[in-house]
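Novice: I am attaching a structure below and will ask some questions about it afterwards.
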Amino acid sequence: MARIALGIPRPRAADPALADLPDTADRPASPALVDRFGRAATDLRLSLTDFCNLRCTYCMPAEGLEFLPKGQLLAAEELVRLVRVGVEQLGVRQVRLTGGEPLTRPDLPEIIAGIAALEPRPDISLTTNAIGLDARAEGLRAAGLDRINVSLDTVVPETFTAMARRPLLHRVLAGIEGARAAGLTPIKVNAVLLPGVNGHELPELLEWCLRRDLQLRVIEQMPLDAGHTWERGAMVTADDVHEMLAPLVRLTPVDEPREGAPAELFEVHDRATGRYRGRMGIIASVTRPFCGDCRRTRLTAEGSVRTCLFSRGETDLRAALRGGASDHELAEIWRAAHWGKAAGHGMDRPDFVQPTRPMSAIGG
Ligand code: SAM
Ligand code: SF4
C-alpha cells in the first residue's frame, strides 16, 4: 500500500503500522469514517481486554494464550478519549463494549460513565459472558449502560462445561437474572451452535429464552478460533437453523429496516397453536454476509483500528495517542485507515486467510 497522503499527519511517535495506511488521495473531504464502497461507520466495537475467564472452544485455546500486559491495554481515560474522537469528529453513534471479557475490567463503570458523558451521547451496549454480572449490573446501569447481550450457547450444564471449558453455567444464569433485576432489559442472548456439541439443543435453548423474554440470536460460527479448526462444511448454517426449528415454530421475517444490523430478525409463532412467542435473530455472517451494509469500526484493547473482524492489517492509534497526537490527528489517522476497508470478509474466496488473532483478541 502507498503511504498516507492528503493532510494525514505524520505521527509523532515512531510507528511502523502507520506506514501501511492506504493512499487517501481519492478520498472525499468527509468528516465521517467513509470507505471506497460508499459505507460510513457509525458503530464502534470497543474491545476492553483480550483476557477472559472462559475458554470457549470456538474463540480461545484451552491454554497457552498469552494475554497483553496491563501497560499495553488502553487505560480508561485513553479509551474514553478515543471514543470521544470517534463521537465528536467521526460520527460514531453506537458503542459496544466487548473483549475478551469486558466484566474482568474493574474500571468498567468509569469507562461507561466517561462514554455516557459525551455529546452527542452514544448508545452504549455490552457483550458479555455475564459471569459476575449479578453483582455489577446495578452499578453499570447507573454509570450509563443501555443494553446487554449475553453469550449463552446452552442451558445444559455438561454441554456448557465442554464448550466453555469451565463449569460455570450457574454463574452465567445468575448474571442474566441480575441484569434483569437491574432493569438492563431487553436482554439478547448470543449462541454459537457447533454440530454434534450443542447444535441439536437449539429447540431447547429457544424455548428456554422465549419463556424468559430473552431474544435468542444464533450466530454462525466464523473462522476466528485460536486452533484454526473451522470448516465451512462442518458448521451449523442459517438454513440448518430454519430446518431444525420448522417442525416446532413458524419464523416470519420482521418487517422493519435492518439498518446495518447483523441479525436478521424473525417473529416466532408456535407451529401447533399459532401463538405468538416473541422474536429471535439469526446472524448469518458466513452464508448470508451483510458486508455491503457494514457500519462497524473496531478498536482492539491495545488501541489498534481494525476495519473488519477479518482484516489482515491494523492501524496502531495507541502510539500516536501516547506520542502526543491531537484529537484532530487521531481522527485523521482513523479516517485514513477506514478508507482502506475491504469490500467484504472474503470467506468465500479461495485465497481467504483466517486472521492470526482469535476472536477474543480482536473483540467480538
Ligand atoms: N466475552 C464476551 C462474550 O462472550 O460475550 C465478549 C467477547 S466474545 C468474543 C463476543 C461474541 O463473539 C460472543 O457472542 C461470542 O459467542 C462470539 N464469538 C466468539 N468466537 C466466535 C466465532 N468463532 N464465531 C462466531 N462468533 C464468535
Ligand atoms: Fe471468553 Fe467470550 Fe471468547 Fe467465550 S466467547 S472465550 S466468553 S471472549
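Ligands are numbered from 1 in the order shown, residues from 1 within each chain, and chains are lettered A, B, ... in the order they appear in the C-alpha cells.
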Taking only C-alpha atoms and all ligand atoms into account, report as a PyMOL selection string which residues have an atom no farther than 6 Å from an atom of ligand 1.
Specialist: chain A and resi 58-59+98-101+127-129+150-151+190-192+219-225+359-360+363-364
Novice: Let's see if you can do this: from backbone DSSP, list all strand (DSSP E) residues in segment 74-211 of chain A, as a list in words.
Specialist: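 Those residues are Gln94, Val95, Arg96, Leu97, Thr98, Asp123, Ile124, Ser125, Leu126, Thr127, Thr128, Arg147, Ile148, Asn149, Val150, Ser151, Ile187, Lys188, Val189, Asn190, Ala191 and Val192 of chain A.
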Novice: Write out as a list in words each polymer residue whose atoms come within 9 Å of Ala162 of chain A, counting only C-alpha atoms; drop sequence neighbours fewer than 4 positions from it.
Specialist: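 In the requested form, the answer reads Cys56, Thr57, Pro157, Glu158, Arg166, Pro167 and Val197 of chain A.
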Novice: Pick out the closest residue to Arg36 of chain A from this set: A:Ile362, A:Gly292, A:Phe310, A:Phe160. Count only C-alpha atoms.
Specialist: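 Closest residue, counting only C-alpha atoms: A:Gly292.
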Novice: In terms of the shortest atom-to-atom distance over only C-alpha atoms, which of A:Ala130, A:Ala272, A:Leu145, A:Ala179 is closest to Leu54 of chain A?
Specialist: A:Ala130
Novice: Quick one: distance from atom CA of Arg250 of chain A to atom CA of Glu177 of chain A in Å, one decimal?
Specialist: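 Atom CA of Arg250 of chain A sits 28.0 Å away from atom CA of Glu177 of chain A.
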Novice: For Gly227 of chain A, which residue among A:Pro22, A:Pro355, A:Gly278, A:Gly303 is the nearest when counting only C-alpha atoms?
Specialist: A:Pro355
Novice: Pick out the closest residue to Cys52 of chain A from this set: A:Ile131, A:Val241, A:Leu21, A:Leu97. Count only C-alpha atoms.
Specialist: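 Smallest separation from Cys52 of chain A among the options: A:Ile131.
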Novice: With distances taken over only C-alpha atoms, which residue among A:Leu184, A:Leu205, A:Leu118, A:Leu48 lies nearest Val218 of chain A?
Specialist: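 Checking each of A:Leu184, A:Leu205, A:Leu118, A:Leu48 against Val218 of chain A, counting only C-alpha atoms, the winner is A:Leu205.
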